[in-house]
$ cat input.cif   # mmCIF, C-alpha atoms
data_protein
#
loop_
_atom_site.group_PDB
_atom_site.id
_atom_site.type_symbol
_atom_site.label_atom_id
_atom_site.label_comp_id
_atom_site.auth_asym_id
_atom_site.auth_seq_id
_atom_site.Cartn_x
_atom_site.Cartn_y
_atom_site.Cartn_z
ATOM 1 C CA MET A 1 -48.543 -7.137 -20.665
ATOM 2 C CA VAL A 2 -44.935 -6.425 -19.889
ATOM 3 C CA ASP A 3 -44.429 -4.757 -23.249
ATOM 4 C CA GLN A 4 -47.367 -2.493 -22.576
ATOM 5 C CA ARG A 5 -45.896 -1.450 -19.233
ATOM 6 C CA ASN A 6 -42.554 -0.878 -20.825
ATOM 7 C CA HIS A 7 -44.252 1.318 -23.329
ATOM 8 C CA ASN A 8 -46.026 3.221 -20.570
ATOM 9 C CA LEU A 9 -42.752 3.942 -18.850
ATOM 10 C CA ASN A 10 -41.037 4.650 -22.113
ATOM 11 C CA ILE A 11 -38.397 1.995 -21.627
ATOM 12 C CA THR A 12 -37.517 0.912 -25.106
ATOM 13 C CA GLN A 13 -34.709 -1.155 -26.515
ATOM 14 C CA ALA A 14 -33.100 2.035 -27.767
ATOM 15 C CA GLU A 15 -33.067 3.555 -24.320
ATOM 16 C CA VAL A 16 -31.466 0.565 -22.742
ATOM 17 C CA LEU A 17 -28.876 0.665 -25.487
ATOM 18 C CA ASN A 18 -28.281 4.352 -24.892
ATOM 19 C CA LEU A 19 -28.397 4.646 -21.154
ATOM 20 C CA PRO A 20 -28.642 8.221 -20.001
ATOM 21 C CA ARG A 21 -25.408 9.424 -18.477
ATOM 22 C CA ARG A 22 -25.519 10.596 -14.925
ATOM 23 C CA ASP A 23 -24.034 13.853 -13.838
ATOM 24 C CA ILE A 24 -21.738 12.716 -11.061
ATOM 25 C CA GLY A 25 -20.944 16.211 -9.873
ATOM 26 C CA SER A 26 -17.674 17.874 -9.012
ATOM 27 C CA THR A 27 -14.570 15.894 -8.155
ATOM 28 C CA GLU A 28 -12.557 18.886 -6.969
ATOM 29 C CA HIS A 29 -12.681 17.877 -3.313
ATOM 30 C CA LEU A 30 -11.502 14.379 -4.233
ATOM 31 C CA LYS A 31 -8.572 15.762 -6.212
ATOM 32 C CA ALA A 32 -7.653 18.049 -3.314
ATOM 33 C CA LYS A 33 -7.814 15.124 -0.877
ATOM 34 C CA ILE A 34 -5.571 12.938 -3.039
ATOM 35 C CA LEU A 35 -3.081 15.753 -3.596
ATOM 36 C CA GLU A 36 -2.909 16.510 0.090
ATOM 37 C CA GLN A 37 -2.351 12.885 0.958
ATOM 38 C CA THR A 38 0.279 12.211 -1.700
ATOM 39 C CA ASN A 39 2.079 15.428 -0.894
ATOM 40 C CA GLY A 40 2.419 14.350 2.704
ATOM 41 C CA MET A 41 3.515 10.956 1.477
ATOM 42 C CA ALA A 42 6.244 12.420 -0.707
ATOM 43 C CA GLN A 43 7.593 14.299 2.278
ATOM 44 C CA THR A 44 7.452 11.202 4.430
ATOM 45 C CA LEU A 45 9.373 9.262 1.821
ATOM 46 C CA ALA A 46 12.028 11.970 1.580
ATOM 47 C CA LEU A 47 12.379 12.018 5.353
ATOM 48 C CA GLU A 48 12.600 8.238 5.514
ATOM 49 C CA GLU A 49 15.258 8.344 2.841
ATOM 50 C CA GLN A 50 17.270 10.893 4.811
ATOM 51 C CA VAL A 51 17.044 8.799 7.951
ATOM 52 C CA ALA A 52 18.136 5.706 6.024
ATOM 53 C CA VAL A 53 21.145 7.522 4.554
ATOM 54 C CA SER A 54 22.161 8.880 7.926
ATOM 55 C CA LYS A 55 21.878 5.424 9.497
ATOM 56 C CA ALA A 56 23.956 3.979 6.681
ATOM 57 C CA HIS A 57 26.693 6.531 7.253
ATOM 58 C CA GLN A 58 26.622 5.854 10.975
ATOM 59 C CA ARG A 59 26.967 2.153 10.348
ATOM 60 C CA VAL A 60 29.838 2.742 7.952
ATOM 61 C CA TRP A 61 31.620 4.814 10.603
ATOM 62 C CA THR A 62 31.263 2.237 13.363
ATOM 63 C CA ARG A 63 31.935 -0.811 11.230
ATOM 64 C CA VAL A 64 34.526 0.486 8.774
ATOM 65 C CA TRP A 65 36.313 3.679 9.696
ATOM 66 C CA MET A 66 36.758 3.047 13.394
ATOM 67 C CA PRO A 67 38.346 -0.416 12.995
ATOM 68 C CA MET A 68 40.430 0.952 10.173
ATOM 69 C CA ALA A 69 41.660 3.842 12.282
ATOM 70 C CA LEU A 70 42.579 1.418 15.024
ATOM 71 C CA ALA A 71 44.437 -0.802 12.578
ATOM 72 C CA ALA A 72 46.296 2.167 11.139
ATOM 73 C CA SER A 73 47.288 3.316 14.641
ATOM 74 C CA LEU A 74 48.592 -0.131 15.386
ATOM 75 C CA VAL A 75 50.645 -0.188 12.221
ATOM 76 C CA LEU A 76 52.081 3.212 13.024
ATOM 77 C CA ALA A 77 52.908 2.069 16.507
ATOM 78 C CA VAL A 78 54.695 -0.919 15.120
ATOM 79 C CA VAL A 79 56.592 1.115 12.550
ATOM 80 C CA LEU A 80 57.569 4.085 14.700
ATOM 81 C CA TRP A 81 57.485 3.201 18.345
ATOM 82 C CA LEU A 82 58.163 -0.473 18.790
ATOM 83 C CA PRO A 83 61.666 -0.668 17.244
ATOM 84 C CA SER A 84 63.005 2.200 19.348
ATOM 85 C CA SER A 85 61.294 1.152 22.563
ATOM 86 C CA VAL A 86 62.653 -2.349 22.609
ATOM 87 C CA TYR A 87 66.097 -1.283 21.440
ATOM 88 C CA VAL A 88 66.257 -3.770 18.674
ATOM 89 C CA THR A 89 67.468 -3.261 15.216
ATOM 90 C CA PRO A 90 65.057 -1.009 13.408
ATOM 91 C CA LEU A 91 62.727 -2.745 11.005
ATOM 92 C CA SER A 92 64.114 -3.243 7.578
ATOM 93 C CA SER A 93 62.600 -1.267 4.778
ATOM 94 C CA SER A 94 61.035 -4.408 3.311
ATOM 95 C CA VAL A 95 59.182 -5.117 6.564
ATOM 96 C CA VAL A 96 57.992 -1.533 6.686
ATOM 97 C CA ASP A 97 56.862 -1.810 3.059
ATOM 98 C CA GLU A 98 54.972 -4.971 3.840
ATOM 99 C CA LEU A 99 53.251 -3.391 6.813
ATOM 100 C CA LEU A 100 52.320 -0.372 4.770
ATOM 101 C CA SER A 101 51.031 -2.496 1.933
ATOM 102 C CA ASN A 102 48.937 -4.505 4.416
ATOM 103 C CA ALA A 103 47.530 -1.285 5.777
ATOM 104 C CA GLU A 104 46.711 -0.140 2.242
ATOM 105 C CA LEU A 105 44.967 -3.428 1.501
ATOM 106 C CA GLU A 106 42.965 -3.052 4.662
ATOM 107 C CA PHE A 107 42.069 0.451 3.605
ATOM 108 C CA GLN A 108 40.877 -0.803 0.190
ATOM 109 C CA ASP A 109 38.795 -3.538 1.857
ATOM 110 C CA ALA A 110 37.279 -0.952 4.132
ATOM 111 C CA LEU A 111 36.292 1.203 1.158
ATOM 112 C CA LEU A 112 34.658 -1.770 -0.563
ATOM 113 C CA LEU A 113 32.794 -2.694 2.607
ATOM 114 C CA GLN A 114 31.642 0.897 2.942
ATOM 115 C CA ASP A 115 30.179 0.847 -0.608
ATOM 116 C CA GLU A 116 28.457 -2.467 0.051
ATOM 117 C CA LEU A 117 26.890 -1.217 3.264
ATOM 118 C CA ILE A 118 25.660 2.001 1.688
ATOM 119 C CA PHE A 119 24.097 0.203 -1.265
ATOM 120 C CA ALA A 120 22.594 -2.456 0.961
ATOM 121 C CA ASP A 121 20.930 0.191 3.109
ATOM 122 C CA LEU A 122 19.574 2.177 0.184
ATOM 123 C CA MET B 1 3.068 21.180 -18.041
ATOM 124 C CA ASN B 2 -0.671 21.095 -18.717
ATOM 125 C CA GLN B 3 0.050 20.398 -22.365
ATOM 126 C CA LEU B 4 2.273 17.399 -21.737
ATOM 127 C CA PRO B 5 0.967 13.989 -22.785
ATOM 128 C CA ASP B 6 0.278 11.383 -20.102
ATOM 129 C CA ALA B 7 3.428 9.430 -20.868
ATOM 130 C CA GLU B 8 5.658 12.451 -20.246
ATOM 131 C CA LEU B 9 3.791 13.308 -17.067
ATOM 132 C CA MET B 10 4.325 9.759 -15.874
ATOM 133 C CA ALA B 11 8.041 10.064 -16.597
ATOM 134 C CA LEU B 12 8.126 13.164 -14.389
ATOM 135 C CA ILE B 13 6.079 11.410 -11.715
ATOM 136 C CA ARG B 14 8.627 8.609 -11.698
ATOM 137 C CA SER B 15 11.248 11.138 -10.773
ATOM 138 C CA GLY B 16 9.054 12.333 -7.884
ATOM 139 C CA ASP B 17 7.524 15.419 -9.514
ATOM 140 C CA HIS B 18 4.375 16.099 -7.518
ATOM 141 C CA SER B 19 3.176 18.904 -9.766
ATOM 142 C CA ALA B 20 3.130 16.469 -12.708
ATOM 143 C CA PHE B 21 1.016 14.183 -10.573
ATOM 144 C CA ALA B 22 -1.354 17.087 -9.875
ATOM 145 C CA VAL B 23 -1.777 17.700 -13.617
ATOM 146 C CA LEU B 24 -2.461 14.027 -14.291
ATOM 147 C CA LEU B 25 -4.936 13.935 -11.425
ATOM 148 C CA ASP B 26 -6.741 17.006 -12.688
ATOM 149 C CA ARG B 27 -6.935 15.570 -16.178
ATOM 150 C CA HIS B 28 -8.313 12.142 -15.345
ATOM 151 C CA THR B 29 -10.004 12.022 -11.935
ATOM 152 C CA THR B 30 -13.513 12.725 -13.208
ATOM 153 C CA LYS B 31 -13.541 9.935 -15.774
ATOM 154 C CA PHE B 32 -12.204 7.332 -13.370
ATOM 155 C CA PHE B 33 -14.532 8.507 -10.638
ATOM 156 C CA THR B 34 -17.485 8.247 -13.063
ATOM 157 C CA LEU B 35 -16.572 4.653 -13.791
ATOM 158 C CA ALA B 36 -16.160 3.768 -10.115
ATOM 159 C CA ALA B 37 -19.391 5.541 -9.153
ATOM 160 C CA HIS B 38 -21.363 3.620 -11.758
ATOM 161 C CA SER B 39 -19.664 0.395 -10.872
ATOM 162 C CA LEU B 40 -20.082 0.669 -7.099
ATOM 163 C CA GLY B 41 -23.236 2.736 -6.916
ATOM 164 C CA ARG B 42 -22.159 4.914 -4.018
ATOM 165 C CA HIS B 43 -20.121 8.080 -4.246
ATOM 166 C CA ALA B 44 -18.293 7.495 -0.979
ATOM 167 C CA ASP B 45 -17.115 4.045 -2.103
ATOM 168 C CA ALA B 46 -16.103 5.365 -5.512
ATOM 169 C CA GLU B 47 -14.089 8.135 -3.885
ATOM 170 C CA ASP B 48 -12.259 5.675 -1.668
ATOM 171 C CA VAL B 49 -11.445 3.408 -4.592
ATOM 172 C CA VAL B 50 -10.238 6.197 -6.890
ATOM 173 C CA GLN B 51 -8.247 7.749 -4.063
ATOM 174 C CA SER B 52 -6.487 4.495 -3.254
ATOM 175 C CA CYS B 53 -5.738 3.872 -6.953
ATOM 176 C CA PHE B 54 -4.119 7.280 -7.388
ATOM 177 C CA ILE B 55 -2.152 6.919 -4.166
ATOM 178 C CA LYS B 56 -0.825 3.573 -5.354
ATOM 179 C CA LEU B 57 0.076 5.200 -8.646
ATOM 180 C CA TRP B 58 2.027 7.903 -6.823
ATOM 181 C CA GLN B 59 3.794 5.350 -4.658
ATOM 182 C CA ASN B 60 4.594 3.017 -7.505
ATOM 183 C CA PRO B 61 4.520 4.800 -10.868
ATOM 184 C CA VAL B 62 6.727 2.165 -12.467
ATOM 185 C CA ALA B 63 3.763 -0.224 -12.342
ATOM 186 C CA TRP B 64 2.654 1.298 -15.633
ATOM 187 C CA ASP B 65 4.561 -0.066 -18.598
ATOM 188 C CA PRO B 66 4.228 2.388 -21.503
ATOM 189 C CA ALA B 67 5.165 -0.356 -23.948
ATOM 190 C CA LYS B 68 2.117 -2.416 -23.042
ATOM 191 C CA ALA B 69 -0.794 0.028 -22.990
ATOM 192 C CA LYS B 70 -1.508 3.702 -22.947
ATOM 193 C CA PHE B 71 -1.852 5.214 -19.507
ATOM 194 C CA THR B 72 -5.628 5.633 -19.435
ATOM 195 C CA THR B 73 -6.269 2.103 -20.699
ATOM 196 C CA TRP B 74 -4.029 0.691 -18.017
ATOM 197 C CA PHE B 75 -5.488 2.875 -15.272
ATOM 198 C CA TYR B 76 -9.076 2.031 -16.286
ATOM 199 C CA ARG B 77 -8.080 -1.586 -15.746
ATOM 200 C CA VAL B 78 -6.603 -0.710 -12.355
ATOM 201 C CA VAL B 79 -9.829 1.035 -11.334
ATOM 202 C CA VAL B 80 -12.047 -1.788 -12.630
ATOM 203 C CA ASN B 81 -10.013 -4.324 -10.637
ATOM 204 C CA ALA B 82 -10.100 -2.120 -7.549
ATOM 205 C CA CYS B 83 -13.893 -1.925 -7.861
ATOM 206 C CA HIS B 84 -14.061 -5.731 -8.042
ATOM 207 C CA ASP B 85 -11.923 -5.998 -4.918
ATOM 208 C CA TRP B 86 -14.070 -3.438 -3.149
ATOM 209 C CA ARG B 87 -17.250 -5.304 -4.010
ATOM 210 C CA ARG B 88 -15.735 -8.573 -2.898
ATOM 211 C CA LYS B 89 -14.706 -7.035 0.416
ATOM 212 C CA SER B 90 -17.861 -5.150 1.169
ATOM 213 C CA GLN B 91 -20.397 -7.505 -0.434
ATOM 214 C CA THR B 92 -22.826 -4.621 -0.561
ATOM 215 C CA VAL B 93 -24.572 -2.820 -3.385
ATOM 216 C CA ASP B 94 -27.804 -4.653 -3.090
ATOM 217 C CA HIS B 95 -30.909 -3.549 -4.848
ATOM 218 C CA GLU B 96 -32.515 -1.947 -1.829
ATOM 219 C CA GLU B 97 -29.517 0.296 -1.275
ATOM 220 C CA LEU B 98 -29.550 1.281 -4.875
ATOM 221 C CA LYS B 99 -33.174 2.214 -4.683
ATOM 222 C CA GLU B 100 -32.568 4.627 -1.864
ATOM 223 C CA SER B 101 -29.165 5.647 -2.845
ATOM 224 C CA HIS B 102 -26.610 7.786 -4.173
ATOM 225 C CA TYR B 103 -25.806 9.993 -7.043
ATOM 226 C CA SER B 104 -26.375 12.785 -4.630
ATOM 227 C CA HIS B 105 -25.545 15.380 -7.232
ATOM 228 C CA THR B 106 -28.197 14.175 -9.628
ATOM 229 C CA LYS B 107 -31.212 16.311 -9.936
ATOM 230 C CA VAL B 108 -34.289 14.142 -10.028
ATOM 231 C CA ALA B 109 -37.726 15.542 -9.617
ATOM 232 C CA SER B 110 -39.815 13.820 -6.970
ATOM 233 C CA GLU B 111 -43.352 12.574 -7.217
ATOM 234 C CA GLU B 112 -44.273 14.901 -4.399
ATOM 235 C CA GLU B 113 -43.591 17.793 -6.698
ATOM 236 C CA GLY B 114 -46.297 16.442 -8.908
ATOM 237 C CA ALA B 115 -44.055 15.986 -11.889
ATOM 238 C CA VAL B 116 -45.378 12.593 -12.875
ATOM 239 C CA LEU B 117 -43.360 12.377 -16.027
ATOM 240 C CA ARG B 118 -40.093 13.184 -14.228
ATOM 241 C CA ALA B 119 -40.970 10.689 -11.533
ATOM 242 C CA ASP B 120 -41.454 8.045 -14.184
ATOM 243 C CA GLU B 121 -38.111 8.925 -15.694
ATOM 244 C CA ALA B 122 -36.496 8.741 -12.286
ATOM 245 C CA ARG B 123 -38.072 5.361 -11.678
ATOM 246 C CA GLN B 124 -37.004 4.206 -15.091
ATOM 247 C CA GLN B 125 -33.425 5.294 -14.386
ATOM 248 C CA GLN B 126 -33.551 3.626 -11.005
ATOM 249 C CA PHE B 127 -34.728 0.348 -12.512
ATOM 250 C CA LEU B 128 -32.006 0.485 -15.118
ATOM 251 C CA GLU B 129 -29.405 0.984 -12.427
ATOM 252 C CA ILE B 130 -30.790 -1.880 -10.410
ATOM 253 C CA ALA B 131 -30.667 -3.985 -13.557
ATOM 254 C CA ILE B 132 -27.031 -3.007 -14.153
ATOM 255 C CA ALA B 133 -26.100 -3.790 -10.560
ATOM 256 C CA ALA B 134 -27.689 -7.213 -10.913
ATOM 257 C CA LEU B 135 -25.520 -8.102 -13.905
ATOM 258 C CA PRO B 136 -22.540 -10.446 -13.627
ATOM 259 C CA SER B 137 -19.378 -8.402 -13.118
ATOM 260 C CA SER B 138 -17.994 -8.814 -16.636
ATOM 261 C CA GLN B 139 -21.268 -7.651 -18.212
ATOM 262 C CA ARG B 140 -21.517 -4.773 -15.750
ATOM 263 C CA ASP B 141 -17.969 -3.672 -16.540
ATOM 264 C CA ALA B 142 -18.725 -3.811 -20.245
ATOM 265 C CA ILE B 143 -21.816 -1.627 -19.830
ATOM 266 C CA ASN B 144 -20.083 0.830 -17.509
ATOM 267 C CA LEU B 145 -17.054 1.232 -19.724
ATOM 268 C CA ALA B 146 -18.818 1.261 -23.068
ATOM 269 C CA VAL B 147 -21.898 3.240 -22.099
ATOM 270 C CA TYR B 148 -21.245 5.348 -19.012
ATOM 271 C CA SER B 149 -17.564 5.985 -19.678
ATOM 272 C CA GLY B 150 -18.259 6.295 -23.399
ATOM 273 C CA LEU B 151 -15.121 4.470 -24.463
ATOM 274 C CA PRO B 152 -14.744 2.938 -27.910
ATOM 275 C CA GLN B 153 -15.351 -0.805 -27.988
ATOM 276 C CA LYS B 154 -11.768 -1.496 -29.007
ATOM 277 C CA GLU B 155 -10.441 0.228 -25.887
ATOM 278 C CA VAL B 156 -13.041 -1.424 -23.652
ATOM 279 C CA ALA B 157 -11.983 -4.798 -25.045
ATOM 280 C CA GLU B 158 -8.355 -3.924 -24.331
ATOM 281 C CA ILE B 159 -9.154 -2.814 -20.779
ATOM 282 C CA MET B 160 -11.091 -5.999 -20.127
ATOM 283 C CA ASP B 161 -8.464 -8.074 -21.876
ATOM 284 C CA ILE B 162 -10.949 -9.713 -24.236
ATOM 285 C CA SER B 163 -11.616 -9.591 -27.981
ATOM 286 C CA VAL B 164 -14.024 -7.068 -29.498
ATOM 287 C CA LYS B 165 -16.305 -9.961 -30.508
ATOM 288 C CA ALA B 166 -16.414 -11.208 -26.944
ATOM 289 C CA LEU B 167 -17.188 -7.709 -25.760
ATOM 290 C CA GLU B 168 -20.045 -7.380 -28.229
ATOM 291 C CA SER B 169 -21.430 -10.647 -27.008
ATOM 292 C CA LEU B 170 -21.153 -9.471 -23.383
ATOM 293 C CA LEU B 171 -23.003 -6.262 -24.247
ATOM 294 C CA VAL B 172 -25.811 -8.113 -26.007
ATOM 295 C CA ARG B 173 -26.230 -10.475 -23.060
ATOM 296 C CA ALA B 174 -26.085 -7.595 -20.622
ATOM 297 C CA LYS B 175 -28.803 -5.686 -22.452
ATOM 298 C CA ARG B 176 -30.986 -8.766 -22.612
ATOM 299 C CA SER B 177 -30.626 -9.362 -18.872
ATOM 300 C CA MET B 178 -31.351 -5.715 -18.203
ATOM 301 C CA HIS B 179 -34.550 -5.878 -20.205
ATOM 302 C CA THR B 180 -35.699 -8.875 -18.207
ATOM 303 C CA THR B 181 -34.850 -7.274 -14.856
ATOM 304 C CA VAL B 182 -36.508 -3.977 -15.760
ATOM 305 C CA ALA B 183 -39.625 -5.799 -16.943
ATOM 306 C CA GLU B 184 -39.795 -7.715 -13.654
ATOM 307 C CA LEU B 185 -39.359 -4.550 -11.619
ATOM 308 C CA LEU B 186 -42.066 -2.822 -13.624
ATOM 309 C CA THR B 187 -44.435 -5.706 -13.075
ATOM 310 C CA ALA B 188 -43.748 -5.596 -9.338
ATOM 311 C CA ALA B 189 -44.181 -1.813 -9.250
ATOM 312 C CA GLN B 190 -47.468 -1.976 -11.117
ATOM 313 C CA SER B 191 -48.890 -4.688 -8.925
ATOM 314 C CA ASN B 192 -47.902 -2.626 -5.872
ATOM 315 C CA ASN B 193 -49.670 0.371 -7.354
ATOM 316 C CA LEU B 194 -52.761 -1.695 -8.063
ATOM 317 C CA LYS B 195 -52.778 -2.989 -4.496
ATOM 318 C CA SER B 196 -52.487 0.472 -2.996
ATOM 319 C CA GLU B 197 -55.204 1.806 -5.306
ATOM 320 C CA THR B 198 -57.523 -1.052 -4.316
ATOM 321 C CA LEU B 199 -56.860 -0.461 -0.627
ATOM 322 C CA GLY B 200 -57.230 3.266 -1.056
#
$ encode --input "input.cif" --output "structure tokens"
Amino acid sequence: MVDQRNHNLNITQAEVLNLPRRDIGSTEHLKAKILEQTNGMAQTLALEEQVAVSKAHQRVWTRVWMPMALAASLVLAVVLWLPSSVYVTPLSSSVVDELLSNAELEFQDALLLQDELIFADL
Amino acid sequence: MNQLPDAELMALIRSGDHSAFAVLLDRHTTKFFTLAAHSLGRHADAEDVVQSCFIKLWQNPVAWDPAKAKFTTWFYRVVVNACHDWRRKSQTVDHEELKESHYSHTKVASEEEGAVLRADEARQQQFLEIAIAALPSSQRDAINLAVYSGLPQKEVAEIMDISVKALESLLVRAKRSMHTTVAELLTAAQSNNLKSETLG
């Protein structure tokens, strides 16, 4: 009975094996939609990246360069102003060297910290 | 750029080249959309799935490892998995929806036009689609990839991460189930016709 009906509707084993392919129509609008969306996304990402970089630089300035500038000013004050103002024997060259070398070390630390902060933010 | 192979386009996409992405999109959207449309049954769902897959690709192009599979094989797998997720989430695509549904671009003659033969063909196609939708997901994927997407069995097996033998077995079982479902639907349709003729 079933076979007869299958025959009537022309559904054979061969047809089930070779299913007719459907024409699914144009996908142009879909492509356009995806392109539009991803294009916007690329811009958003670029903008976010810019903001992140700018924030990183700001953080580096407040956390690294400002304290370093203060430290350097202090060292300069010690080296140049303090000895003359208190009328004591000027600092020996070795003390000055030590102060300068400390300042340099601080400067190196600050540079390292700056790199770390930038990489951490990116 | 149109001549570049997929792998080179993907390398450009990794560096943020949107025009390379446009070329890749133009080259492959139709085939992936065809798969999703056959898998999900509705154009709108298929569009959403394909769109989200391509957006994820743009956002994370490094997800594709060229050493493991060629781009299309990998992306077919991505689309198949996305279709599974979509089905799981929506729990739709029932037989009634399929009967009324989709494939809005398909030209099918209606019975009202008096083209009995075309109407029979349309019904036959409809029953086959219902039968495909009723298959377990692995069998349905096998049919969609091997038949509707027209991929070679070796590639289908690779996409589905199974052996060619296992794929053949899935296809045989799928076709058997489809025969049974179609036969049942035909029986139901004929008895409905008989009833309406008797009443008429």
$ resolve_selection --input "input.cif" --expression "the PyMOL selection byres ((chain A and resi 117) around 10)" --output "ChimeraX atom specification"
/A:56-57,59-60,63-64,111-116,118-122
$ write_last_selection --input "input.cif" --atoms "C-alpha atoms" --output "short mmCIF file (atom, residue, chain, number, x, y, z; two decimals), in the coordinates of the input"
data_model
loop_
_atom_site.label_atom_id
_atom_site.label_comp_id
_atom_site.auth_asym_id
_atom_site.auth_seq_id
_atom_site.Cartn_x
_atom_site.Cartn_y
_atom_site.Cartn_z
CA ALA A 56 23.96 3.98 6.68
CA HIS A 57 26.69 6.53 7.25
CA ARG A 59 26.97 2.15 10.35
CA VAL A 60 29.84 2.74 7.95
CA ARG A 63 31.94 -0.81 11.23
CA VAL A 64 34.53 0.49 8.77
CA LEU A 111 36.29 1.20 1.16
CA LEU A 112 34.66 -1.77 -0.56
CA LEU A 113 32.79 -2.69 2.61
CA GLN A 114 31.64 0.90 2.94
CA ASP A 115 30.18 0.85 -0.61
CA GLU A 116 28.46 -2.47 0.05
CA ILE A 118 25.66 2.00 1.69
CA PHE A 119 24.10 0.20 -1.26
CA ALA A 120 22.59 -2.46 0.96
CA ASP A 121 20.93 0.19 3.11
CA LEU A 122 19.57 2.18 0.18
#
$ closest_atom_pairs --input "input.cif" --of "chain B" --to "chain A" --cutoff "8 Å" --atoms "only C-alpha atoms" --output "Markdown table"
| residue | atom | partner | partner_atom | distance |
| --- | --- | --- | --- | --- |
| B:Gly16 | CA | A:Ala42 | CA | 7.7 |
| B:His18 | CA | A:Asn39 | CA | 7.0 |
| B:Ala22 | CA | A:Leu35 | CA | 6.6 |
| B:Leu25 | CA | A:Lys31 | CA | 6.6 |
| B:Asp26 | CA | A:Lys31 | CA | 6.8 |
| B:Thr29 | CA | A:Lys31 | CA | 7.0 |
| B:Thr30 | CA | A:Thr27 | CA | 6.1 |
| B:Phe33 | CA | A:Thr27 | CA | 7.8 |
| B:Thr34 | CA | A:Ile24 | CA | 6.5 |
| B:Ala37 | CA | A:Ile24 | CA | 7.8 |
| B:Glu47 | CA | A:Leu30 | CA | 6.8 |
| B:Gln51 | CA | A:Ile34 | CA | 5.9 |
| B:Phe54 | CA | A:Ile34 | CA | 7.3 |
| B:Ile55 | CA | A:Thr38 | CA | 6.3 |
| B:Trp58 | CA | A:Thr38 | CA | 6.9 |
| B:Tyr103 | CA | A:Ile24 | CA | 6.3 |
| B:Ser104 | CA | A:Ile24 | CA | 7.9 |
| B:His105 | CA | A:Gly25 | CA | 5.4 |
| B:Thr106 | CA | A:Asp23 | CA | 5.9 |
| B:Asp120 | CA | A:Leu9 | CA | 6.3 |
| B:Glu121 | CA | A:Leu9 | CA | 7.5 |
| B:Gln124 | CA | A:Leu9 | CA | 6.9 |
| B:Gln125 | CA | A:Pro20 | CA | 7.9 |
| B:Leu128 | CA | A:Val16 | CA | 7.6 |
| B:Val147 | CA | A:Leu19 | CA | 6.7 |
| B:Tyr148 | CA | A:Arg21 | CA | 5.9 |
| B:Lys175 | CA | A:Val16 | CA | 6.8 |
| B:Met178 | CA | A:Val16 | CA | 7.7 |
| B:His179 | CA | A:Val16 | CA | 7.6 |
| B:Ala183 | CA | A:Val2 | CA | 6.1 |
| B:Leu186 | CA | A:Arg5 | CA | 6.9 |
| B:Thr187 | CA | A:Val2 | CA | 6.9 |
$ residues_around --input "input.cif" --residues "region 44-46 of chain B" --least-positions-apart "5" --cutoff "10 Å" --atoms "all atoms listed in the file" --output "ChimeraX atom specification"
/B:32-39,51-52,79,82-83,86-87,90,102-103
$ write_last_selection --input "input.cif" --atoms "C-alpha atoms" --output "mmCIF file, in the frame of the given file"
data_model
loop_
_atom_site.group_PDB
_atom_site.id
_atom_site.type_symbol
_atom_site.label_atom_id
_atom_site.label_comp_id
_atom_site.auth_asym_id
_atom_site.auth_seq_id
_atom_site.Cartn_x
_atom_site.Cartn_y
_atom_site.Cartn_z
ATOM 1 C CA PHE B 32 -12.204 7.332 -13.370
ATOM 2 C CA PHE B 33 -14.532 8.507 -10.638
ATOM 3 C CA THR B 34 -17.485 8.247 -13.063
ATOM 4 C CA LEU B 35 -16.572 4.653 -13.791
ATOM 5 C CA ALA B 36 -16.160 3.768 -10.115
ATOM 6 C CA ALA B 37 -19.391 5.541 -9.153
ATOM 7 C CA HIS B 38 -21.363 3.620 -11.758
ATOM 8 C CA SER B 39 -19.664 0.395 -10.872
ATOM 9 C CA GLN B 51 -8.247 7.749 -4.063
ATOM 10 C CA SER B 52 -6.487 4.495 -3.254
ATOM 11 C CA VAL B 79 -9.829 1.035 -11.334
ATOM 12 C CA ALA B 82 -10.100 -2.120 -7.549
ATOM 13 C CA CYS B 83 -13.893 -1.925 -7.861
ATOM 14 C CA TRP B 86 -14.070 -3.438 -3.149
ATOM 15 C CA ARG B 87 -17.250 -5.304 -4.010
ATOM 16 C CA SER B 90 -17.861 -5.150 1.169
ATOM 17 C CA HIS B 102 -26.610 7.786 -4.173
ATOM 18 C CA TYR B 103 -25.806 9.993 -7.043
#
$ residues_around --input "input.cif" --residues "Ala72 (chain A)" --least-positions-apart "6" --cutoff "10 Å" --atoms "all atoms listed in the file" --output "NGL selection string"
:A and (66 or 78 or 99-100 or 102-104 or 106-107)
$ atom_distance --input "input.cif" --atom1 "CA of Gly41 (chain B)" --atom2 "CA of Ala133 (chain B)"
8.0 Å
$ atom_distance --input "input.cif" --atom1 "CA of Leu12 (chain B)" --atom2 "CA of Thr72 (chain B)"
16.5 Å
$ resolve_selection --input "input.cif" --expression "the PyMOL selection byres ((chain B and resi 177) around 10)" --output "PyMOL selection string"
chain B and resi 131-132+134-136+139+171-176+178-183
$ residues_around --input "input.cif" --residues "Leu167 (chain B)" --least-positions-apart "6" --cutoff "9 Å" --atoms "only C-alpha atoms" --output "ChimeraX atom specification"
/B:139,142,153-154,156-157,160
$ atom_distance --input "input.cif" --atom1 "CA of Ser137 (chain B)" --atom2 "CA of Gly150 (chain B)"
18.0 Å
$ closest_residue --input "input.cif" --among "B:Gln3, B:Ser138, B:Met10, B:Arg42" --to "Phe71 (chain B)" --atoms "only C-alpha atoms"
B:Met10
